[in-house]
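As provided, protein19.txt (compact mmCIF, C-alpha atoms) reads as follows.
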# COMPACT_ATOMS: atom_id res chain seq x y z
CA PHE A 1 14.49 33.21 -4.72
CA PRO A 2 15.41 31.61 -8.06
CA THR A 3 12.81 28.91 -8.62
CA ARG A 4 12.91 25.78 -10.74
CA ARG A 5 10.83 22.62 -10.86
CA SER A 6 12.50 19.56 -9.36
CA SER A 7 12.10 17.77 -12.70
CA ASP A 8 14.42 20.36 -14.27
CA LEU A 9 17.28 19.28 -12.02
CA ALA A 10 19.60 16.54 -13.21
CA GLY A 11 20.66 13.53 -11.18
CA ASP A 12 19.06 11.16 -8.72
CA PRO A 13 15.37 12.14 -8.29
CA HIS A 14 15.71 11.57 -4.53
CA LEU A 15 18.74 13.87 -4.24
CA LEU A 16 18.33 17.41 -5.48
CA GLU A 17 21.47 19.50 -5.80
CA ARG A 18 21.89 23.21 -6.35
CA ARG A 19 25.34 24.69 -6.79
CA LYS A 20 26.62 28.11 -5.89
CA GLU A 21 24.69 31.00 -7.36
CA GLU A 22 25.50 34.65 -7.15
CA ILE A 23 22.70 36.20 -5.14
CA PRO A 24 23.15 39.95 -4.87
CA GLU A 25 21.31 40.35 -1.57
CA PRO A 26 20.96 37.94 1.37
CA CYS A 27 17.53 36.36 1.72
CA GLY A 28 15.60 35.95 4.92
CA PRO A 29 14.05 32.66 6.02
CA PRO A 30 10.66 31.75 4.56
CA THR A 31 7.68 31.39 6.85
CA LEU A 32 5.67 28.21 7.07
CA GLY A 33 2.29 28.78 5.48
CA ASN A 34 -0.18 27.31 3.03
CA ASP A 35 2.33 27.28 0.19
CA GLY A 36 3.64 23.83 1.06
CA ILE A 37 6.99 24.82 2.61
CA ILE A 38 7.95 21.91 4.80
CA LYS A 39 11.55 22.29 5.93
CA VAL A 40 14.37 24.79 6.11
CA TYR A 41 18.03 23.87 5.53
CA ARG A 42 20.86 26.21 6.53
CA SER A 43 24.55 26.09 5.62
CA GLY A 44 26.47 29.22 6.54
CA GLN A 45 24.82 31.95 4.53
CA ALA A 46 22.91 29.39 2.47
CA LEU A 47 19.19 28.87 2.75
CA THR A 48 17.32 26.09 0.98
CA TYR A 49 13.73 24.98 1.33
CA LEU A 50 11.31 22.71 -0.46
CA ASN A 51 7.68 22.98 -1.34
CA ASN A 52 5.37 20.53 -3.06
CA ASP A 53 6.93 20.80 -6.48
CA THR A 54 9.71 23.34 -6.40
CA LEU A 55 13.23 23.57 -5.05
CA CYS A 56 14.08 27.12 -4.05
CA SER A 57 17.53 28.13 -2.85
CA ALA A 58 19.72 31.10 -2.10
CA VAL A 59 23.34 30.14 -1.80
CA ARG A 60 26.49 32.19 -1.12
CA GLY A 61 29.79 30.44 -1.69
CA LYS A 62 28.72 26.89 -0.84
CA VAL A 63 27.26 23.81 -2.47
CA VAL A 64 23.87 22.93 -1.01
CA ILE A 65 22.65 19.35 -1.15
CA CYS A 66 19.24 18.49 0.22
CA TYR A 67 16.77 15.65 0.07
CA ASN A 68 13.30 16.27 -1.28
CA ILE A 69 11.54 14.99 1.81
CA ASN A 70 8.17 15.48 0.16
CA MET A 71 8.81 12.73 -2.38
CA ILE A 72 7.73 9.11 -2.06
CA SER A 73 10.43 6.88 -0.59
CA THR A 74 8.38 3.79 0.25
CA VAL A 75 5.73 1.69 -1.49
CA ILE A 76 3.39 -0.58 0.48
CA PHE A 77 1.25 -3.22 -1.19
CA ASP A 78 -1.73 -5.12 0.10
CA MET A 79 -1.59 -8.81 -0.82
CA ASP A 80 -4.91 -10.59 -1.46
CA GLY A 81 -6.79 -9.02 -4.34
CA THR A 82 -4.02 -6.49 -5.03
CA LEU A 83 -0.96 -8.60 -5.84
CA TYR A 84 -2.66 -11.98 -5.96
CA ASN A 85 -5.97 -13.09 -7.39
CA THR A 86 -6.64 -15.26 -4.35
CA GLU A 87 -10.12 -14.01 -3.50
CA LYS A 88 -11.70 -16.52 -5.90
CA ILE A 89 -9.81 -19.31 -4.13
CA TYR A 90 -11.09 -18.24 -0.73
CA PHE A 91 -14.64 -17.95 -2.06
CA LYS A 92 -14.60 -21.52 -3.39
CA CYS A 93 -13.27 -22.76 -0.06
CA TYR A 94 -15.95 -20.86 1.89
CA ARG A 95 -18.63 -22.35 -0.35
CA ALA A 96 -17.28 -25.88 0.17
CA ALA A 97 -17.15 -25.42 3.95
CA ALA A 98 -20.64 -23.92 4.07
CA LYS A 99 -22.04 -26.72 1.90
CA GLU A 100 -20.90 -29.26 4.51
CA MET A 101 -23.07 -27.33 6.98
CA GLY A 102 -26.05 -27.19 4.63
CA LEU A 103 -25.52 -23.49 3.90
CA ASP A 104 -25.43 -21.65 0.57
CA PHE A 105 -22.53 -19.20 0.83
CA THR A 106 -23.15 -16.55 -1.85
CA PHE A 107 -20.61 -14.29 -3.51
CA ASP A 108 -22.40 -11.21 -2.18
CA LEU A 109 -21.91 -12.51 1.37
CA PHE A 110 -18.26 -13.21 0.64
CA ALA A 111 -17.77 -9.69 -0.75
CA GLN A 112 -19.05 -8.16 2.50
CA GLY A 113 -16.14 -9.72 4.38
CA VAL A 114 -13.33 -8.82 1.98
CA GLY A 115 -10.51 -6.86 3.60
CA ILE A 116 -11.87 -6.94 7.16
CA SER A 117 -11.13 -9.05 10.23
CA ARG A 118 -12.53 -12.54 10.71
CA GLU A 119 -14.56 -11.29 13.68
CA GLU A 120 -16.22 -8.60 11.58
CA ALA A 121 -16.84 -11.07 8.74
CA ASN A 122 -18.47 -13.48 11.21
CA LYS A 123 -21.00 -10.77 12.12
CA PHE A 124 -22.14 -10.59 8.49
CA ILE A 125 -22.32 -14.38 8.31
CA LYS A 126 -24.53 -14.58 11.41
CA GLN A 127 -26.73 -11.78 10.14
CA HIS A 128 -27.19 -13.76 6.92
CA PHE A 129 -27.66 -17.30 8.26
CA GLY A 130 -28.83 -16.63 11.80
CA PRO A 131 -27.26 -15.96 15.21
CA ASP A 132 -26.74 -19.67 15.97
CA THR A 133 -24.51 -20.26 12.94
CA ASP A 134 -21.30 -22.02 13.95
CA THR A 135 -18.90 -19.52 12.42
CA ASP A 136 -15.92 -21.10 14.19
CA ARG A 137 -16.56 -24.38 12.39
CA LEU A 138 -17.08 -22.57 9.11
CA GLN A 139 -13.76 -20.72 9.46
CA ARG A 140 -11.86 -23.85 10.51
CA ARG A 141 -13.11 -25.86 7.54
CA THR A 142 -12.49 -22.98 5.15
CA TYR A 143 -8.92 -22.73 6.43
CA GLN A 144 -8.46 -26.47 5.91
CA PHE A 145 -9.79 -26.30 2.36
CA VAL A 146 -7.29 -23.53 1.59
CA GLU A 147 -4.48 -25.52 3.17
CA ASP A 148 -5.43 -28.57 1.06
CA TYR A 149 -5.49 -26.42 -2.07
CA LEU A 150 -2.01 -25.04 -1.38
CA ALA A 151 -0.61 -28.47 -0.40
CA SER A 152 -1.87 -29.94 -3.68
CA GLY A 153 0.13 -27.38 -5.65
CA GLY A 154 -2.81 -25.20 -6.52
CA GLU A 155 -2.03 -22.10 -8.57
CA ILE A 156 -1.49 -18.76 -6.83
CA PRO A 157 -2.28 -16.38 -9.70
CA LEU A 158 -0.81 -12.89 -9.73
CA MET A 159 -3.03 -9.96 -10.61
CA PRO A 160 -2.33 -8.39 -14.02
CA GLY A 161 0.65 -6.05 -13.80
CA ALA A 162 1.51 -7.04 -10.21
CA ARG A 163 4.99 -8.41 -10.82
CA GLU A 164 5.84 -5.57 -13.17
CA ALA A 165 4.72 -2.94 -10.63
CA VAL A 166 6.72 -4.49 -7.79
CA GLU A 167 9.85 -4.76 -9.93
CA LEU A 168 9.42 -1.23 -11.27
CA PHE A 169 9.39 0.38 -7.82
CA TYR A 170 12.20 -1.87 -6.62
CA LYS A 171 14.42 -0.90 -9.56
CA ARG A 172 13.70 2.76 -8.78
CA GLY A 173 15.40 2.25 -5.44
CA LEU A 174 12.29 2.54 -3.29
CA LYS A 175 11.73 0.56 -0.10
CA LEU A 176 8.92 -1.99 -0.45
CA GLY A 177 6.63 -3.28 2.26
CA LEU A 178 3.61 -5.57 2.37
CA ALA A 179 0.66 -4.96 4.70
CA SER A 180 -1.81 -7.84 4.78
CA SER A 181 -4.77 -8.94 6.90
CA ASN A 182 -3.80 -12.54 6.15
CA ILE A 183 -1.69 -14.86 8.30
CA ARG A 184 2.10 -14.79 7.99
CA LYS A 185 2.28 -18.45 6.92
CA TRP A 186 0.28 -17.78 3.77
CA VAL A 187 1.91 -14.41 3.09
CA GLU A 188 5.36 -15.95 3.07
CA PHE A 189 4.18 -18.97 1.08
CA TYR A 190 2.66 -16.83 -1.68
CA LEU A 191 5.69 -14.56 -1.93
CA ASP A 192 8.12 -17.49 -2.01
CA LYS A 193 6.07 -19.47 -4.52
CA THR A 194 5.98 -16.53 -6.93
CA ASP A 195 9.56 -15.35 -6.24
CA LEU A 196 8.48 -11.91 -5.01
CA ARG A 197 9.68 -12.09 -1.42
CA ARG A 198 13.18 -10.84 -2.28
CA TYR A 199 11.75 -7.45 -3.23
CA PHE A 200 10.13 -6.73 0.15
CA SER A 201 12.05 -5.38 3.13
CA ALA A 202 9.11 -5.57 5.55
CA LEU A 203 6.09 -7.83 5.92
CA THR A 204 3.23 -7.04 8.31
CA THR A 205 0.34 -9.46 8.85
CA CYS A 206 -2.69 -9.84 11.07
CA GLU A 207 -0.41 -11.48 13.62
CA ASP A 208 1.57 -8.27 14.07
CA VAL A 209 -1.26 -5.87 14.90
CA THR A 210 -4.08 -5.44 17.38
CA HIS A 211 -6.54 -3.82 14.98
CA LEU A 212 -7.09 -4.80 11.35
CA LYS A 213 -8.22 -2.69 8.39
CA PRO A 214 -9.96 -0.22 8.17
CA ASN A 215 -7.85 0.71 11.21
CA PRO A 216 -4.54 2.16 9.91
CA GLU A 217 -2.34 0.19 12.31
CA VAL A 218 -1.05 -2.34 9.75
CA PHE A 219 0.15 0.43 7.44
CA LEU A 220 1.68 2.53 10.21
CA ARG A 221 3.51 -0.50 11.57
CA THR A 222 4.85 -1.35 8.11
CA ALA A 223 6.07 2.21 7.62
CA GLY A 224 7.76 2.05 11.01
CA LYS A 225 9.63 -1.11 10.04
CA LEU A 226 10.91 0.71 6.96
CA ASP A 227 11.79 3.89 8.88
CA ALA A 228 9.40 5.84 6.63
CA ASN A 229 7.09 8.73 7.43
CA PRO A 230 3.45 8.17 6.37
CA PRO A 231 3.38 11.08 3.87
CA ASN A 232 6.36 9.49 2.09
CA CYS A 233 4.49 6.21 1.59
CA LEU A 234 2.57 5.17 -1.52
CA VAL A 235 -0.03 2.42 -0.97
CA PHE A 236 -1.82 0.10 -3.38
CA GLU A 237 -5.04 -1.52 -2.13
CA ASP A 238 -7.99 -3.33 -3.70
CA SER A 239 -10.54 -3.23 -0.86
CA THR A 240 -12.51 -0.36 0.58
CA ALA A 241 -11.42 -1.33 4.10
CA GLY A 242 -7.78 -1.36 3.06
CA ALA A 243 -7.88 1.89 1.11
CA THR A 244 -9.68 3.58 4.00
CA ALA A 245 -6.98 2.36 6.39
CA ALA A 246 -4.19 3.71 4.19
CA ILE A 247 -5.90 7.09 3.81
CA ARG A 248 -6.40 7.30 7.57
CA ALA A 249 -2.70 6.53 7.98
CA GLY A 250 -1.94 9.70 6.03
CA MET A 251 -0.42 7.86 3.07
CA ARG A 252 -0.73 8.52 -0.65
CA THR A 253 -3.32 5.89 -1.52
CA CYS A 254 -4.15 4.24 -4.82
CA MET A 255 -7.07 1.85 -5.05
CA VAL A 256 -7.23 -0.92 -7.63
CA PRO A 257 -10.77 -2.28 -7.07
CA ASN A 258 -11.19 -6.01 -7.35
CA ILE A 259 -14.51 -7.00 -5.79
CA LYS A 260 -15.87 -3.76 -4.31
CA GLU A 261 -15.96 -0.39 -6.02
CA PRO A 262 -14.59 2.59 -4.05
CA ASP A 263 -17.05 4.43 -1.84
CA SER A 264 -17.46 8.22 -1.65
CA PHE A 265 -14.79 8.59 1.07
CA ILE A 266 -12.19 6.85 -1.07
CA ARG A 267 -13.19 8.70 -4.24
CA GLU A 268 -12.69 11.96 -2.40
CA HIS A 269 -9.38 11.15 -0.69
CA ALA A 270 -7.56 8.59 -2.85
CA PHE A 271 -4.66 9.83 -4.95
CA LYS A 272 -5.57 7.54 -7.87
CA ILE A 273 -8.11 4.84 -8.69
CA TYR A 274 -6.88 2.30 -11.23
CA LYS A 275 -8.59 -0.44 -13.17
CA SER A 276 -5.42 -2.52 -13.07
CA LEU A 277 -1.82 -2.39 -11.87
CA GLU A 278 -0.95 -2.55 -15.55
CA ASP A 279 -1.82 1.16 -15.68
CA VAL A 280 0.70 2.15 -13.02
CA PRO A 281 3.96 2.41 -15.04
CA ALA A 282 2.60 5.22 -17.21
CA ASP A 283 2.03 7.33 -14.08
CA ILE A 284 5.28 6.52 -12.29
CA ASP A 285 6.64 10.09 -12.19
CA GLU A 286 3.36 11.52 -10.92
CA LEU A 287 3.02 8.79 -8.31
CA LEU A 288 6.48 9.39 -6.89
CA GLY A 289 6.71 13.17 -7.24
Let me see the file written as structure tokens.
Amino acid sequence: FPTRRSSDLAGDPHLLERRKEEIPEPCGPPTLGNDGIIKVYRSGQALTYLNNDTLCSAVRGKVVICYNINMISTVIFDMDGTLYNTEKIYFKCYRAAAKEMGLDFTFDLFAQGVGISREEANKFIKQHFGPDTDTDRLQRRTYQFVEDYLASGGEIPLMPGAREAVELFYKRGLKLGLASSNIRKWVEFYLDKTDLRRYFSALTTCEDVTHLKPNPEVFLRTAGKLDANPPNCLVFEDSTAGATAAIRAGMRTCMVPNIKEPDSFIREHAFKIYKSLEDVPADIDELLG
């Protein structure tokens, strides 16, 4: 087969086109093996297939148009700590609620609960303060402190490079989704307040799933809403629980650590680990290829 890199082909990066070539002898179909071949296209005497980085074709008398189904078509963002620097707001609200109960809520304790369900976080809280700790009261008062902060017009700061990253992928024609462990009310409020909601075609929150991160359900459900296959999804996450969930979902995962550094599982399986979303534009072709 004549072989060229996809990057050598002109036109839309999601639509690779090879025109008629004079092939002296007909070519048989390739076999699926460890070389990355993922699909076979036939058109009369034409045969076209894709591998991880190469378009190979043998065409007799026809134009062959095929989609590079190995490329990224969808980008899914986590919200808190990835797009928004809201973790510091939640920590202050936890501290205020705990103080009312005579408890000293430390940052280390807060960090243990980042990115996981409220039930799992409550286990850490009871381990720290004792089994009789009224975690329901603590969560209710924390929620109210956050609500008061938002109602008073408190700032919802974006993480560095967040807006630019969202707009970059959107302008590239990719489908965007958001997968958050937060409640829908706050997700929609943050996106509306910062004028980012218009970029997202699907929002998935804790109210839409049975199992939260590190279970992959929230990412798989978001991909389903966008009619995307997991291998065609690129995910940005700040927490170890979230990155683990995305990796388990079979998605190309990038971690941008905020509070917790990546563990050994994430370092082994993540596609990229960034210090900031500001570093993403320089890698755009590698991320989407």
Query raised in the report: Hey, which of A:Asn122, A:Thr86, A:Thr222, A:Thr253 ends up closest to Leu234 (chain A)? Count all atoms listed in the file.
Result: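 Residue with the minimum atom-to-atom distance to Leu234 (chain A): A:Thr253.
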Query raised in the report: Residues at most 12 Å from Thr133 (chain A), counting all atoms listed in the file, excluding those fewer than 2 positions away in the same chain, as an MDAnalysis selection string?
Result: chainID A and resid 98 101:103 122:131 135:139
Specify the axis-aligned box that encloses all atoms of region 191-202 of chain A listed in the file after padding of 3 Å on each side, stating its centre and edge lengths in Å to one decimal as JSON.
{"center_x": 9.4, "center_y": -12.4, "center_z": -0.7, "size_x": 13.5, "size_y": 20.1, "size_z": 18.5}
Query raised in the report: So how many Å separate CA of Leu168 (chain A) and CA of Ile284 (chain A), to one decimal?
Result: 8.8 Å
Find the spatial neighbours of region 112-121 of chain A, counting all atoms listed in the file, within a cut-off of 8 Å - ignore same-chain residues fewer than 2 positions away - and output them as an mmCIF file with C-alpha atoms, keeping the file's coordinate frame.
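Full text of result.cif as output:
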data_model
loop_
_atom_site.group_PDB
_atom_site.id
_atom_site.type_symbol
_atom_site.label_atom_id
_atom_site.label_comp_id
_atom_site.auth_asym_id
_atom_site.auth_seq_id
_atom_site.Cartn_x
_atom_site.Cartn_y
_atom_site.Cartn_z
ATOM 1 C CA ASP A 108 -22.400 -11.210 -2.180
ATOM 2 C CA LEU A 109 -21.910 -12.510 1.370
ATOM 3 C CA PHE A 110 -18.260 -13.210 0.640
ATOM 4 C CA LYS A 123 -21.000 -10.770 12.120
ATOM 5 C CA PHE A 124 -22.140 -10.590 8.490
ATOM 6 C CA ILE A 125 -22.320 -14.380 8.310
ATOM 7 C CA SER A 181 -4.770 -8.940 6.900
ATOM 8 C CA LEU A 212 -7.090 -4.800 11.350
ATOM 9 C CA LYS A 213 -8.220 -2.690 8.390
ATOM 10 C CA PRO A 214 -9.960 -0.220 8.170
ATOM 11 C CA SER A 239 -10.540 -3.230 -0.860
ATOM 12 C CA THR A 240 -12.510 -0.360 0.580
ATOM 13 C CA ALA A 241 -11.420 -1.330 4.100
ATOM 14 C CA GLY A 242 -7.780 -1.360 3.060
#
Query raised in the report: Residues around (-1.2, -0.1, -17.0), cut-off 12 Å, counting all atoms listed in the file - what are they as a PyMOL selection string?
Result: chain A and resi 159-162+164-165+256+273-284
Query raised in the report: Nearest to Met79 (chain A) among A:Glu207, A:Glu155, A:Asp238, A:Glu147, with distances taken over all atoms listed in the file: which residue is it?
Result: A:Asp238
Query raised in the report: In Å to one decimal, how far is CA of Phe91 (chain A) from CA of Phe105 (chain A)?
Result: 8.5 Å
Can I get the residues of region 98-157 of chain A within 10 Å of region 185-198 of chain A, each with the closest pair of atoms and their distance in Å to one decimal, using all atoms listed in the file, sorted chain first then ascending number, as CSV?
residue,atom,partner,partner_atom,distance
A:Val146,CA,A:Trp186,CA,9.8
A:Glu147,CA,A:Trp186,CA,9.1
A:Leu150,CA,A:Phe189,CA,9.0
A:Gly153,CA,A:Lys193,CA,10.0
A:Glu155,CA,A:Lys193,CA,9.4
A:Ile156,CA,A:Tyr190,CA,6.9
A:Pro157,CA,A:Thr194,CA,8.7
Query raised in the report: By how many Å are CA of Tyr199 (chain A) and CA of Lys225 (chain A) apart?
Result: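 Rounded to one decimal, the two atoms are 14.9 Å apart.
Proximity of A:Ser73, A:Thr142, A:Thr82, A:Ser201 to Ser180 (chain A), computed with all atoms listed in the file, is greatest for A:Thr82.
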Report summary line: Counting all atoms listed in the file, closest pick from A:Ile266, A:Ile89, A:Leu83, A:Met71 relative to Gly154 (chain A) is A:Ile89
Query raised in the report: Closest to Ala111 (chain A) among A:Ile259, A:Val218, A:Ile247, A:Ala270, using all atoms listed in the file?
Result: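 The answer is A:Ile259, which sits nearest to Ala111 (chain A).
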**Report entry** Residue neighbourhood Phe169 (chain A), 9 Å, all atoms listed in the file, exclusion window fewer than 5 positions, as an NGL selection string
**Finding:** :A and (74-75 or 164 or 174-176 or 284)
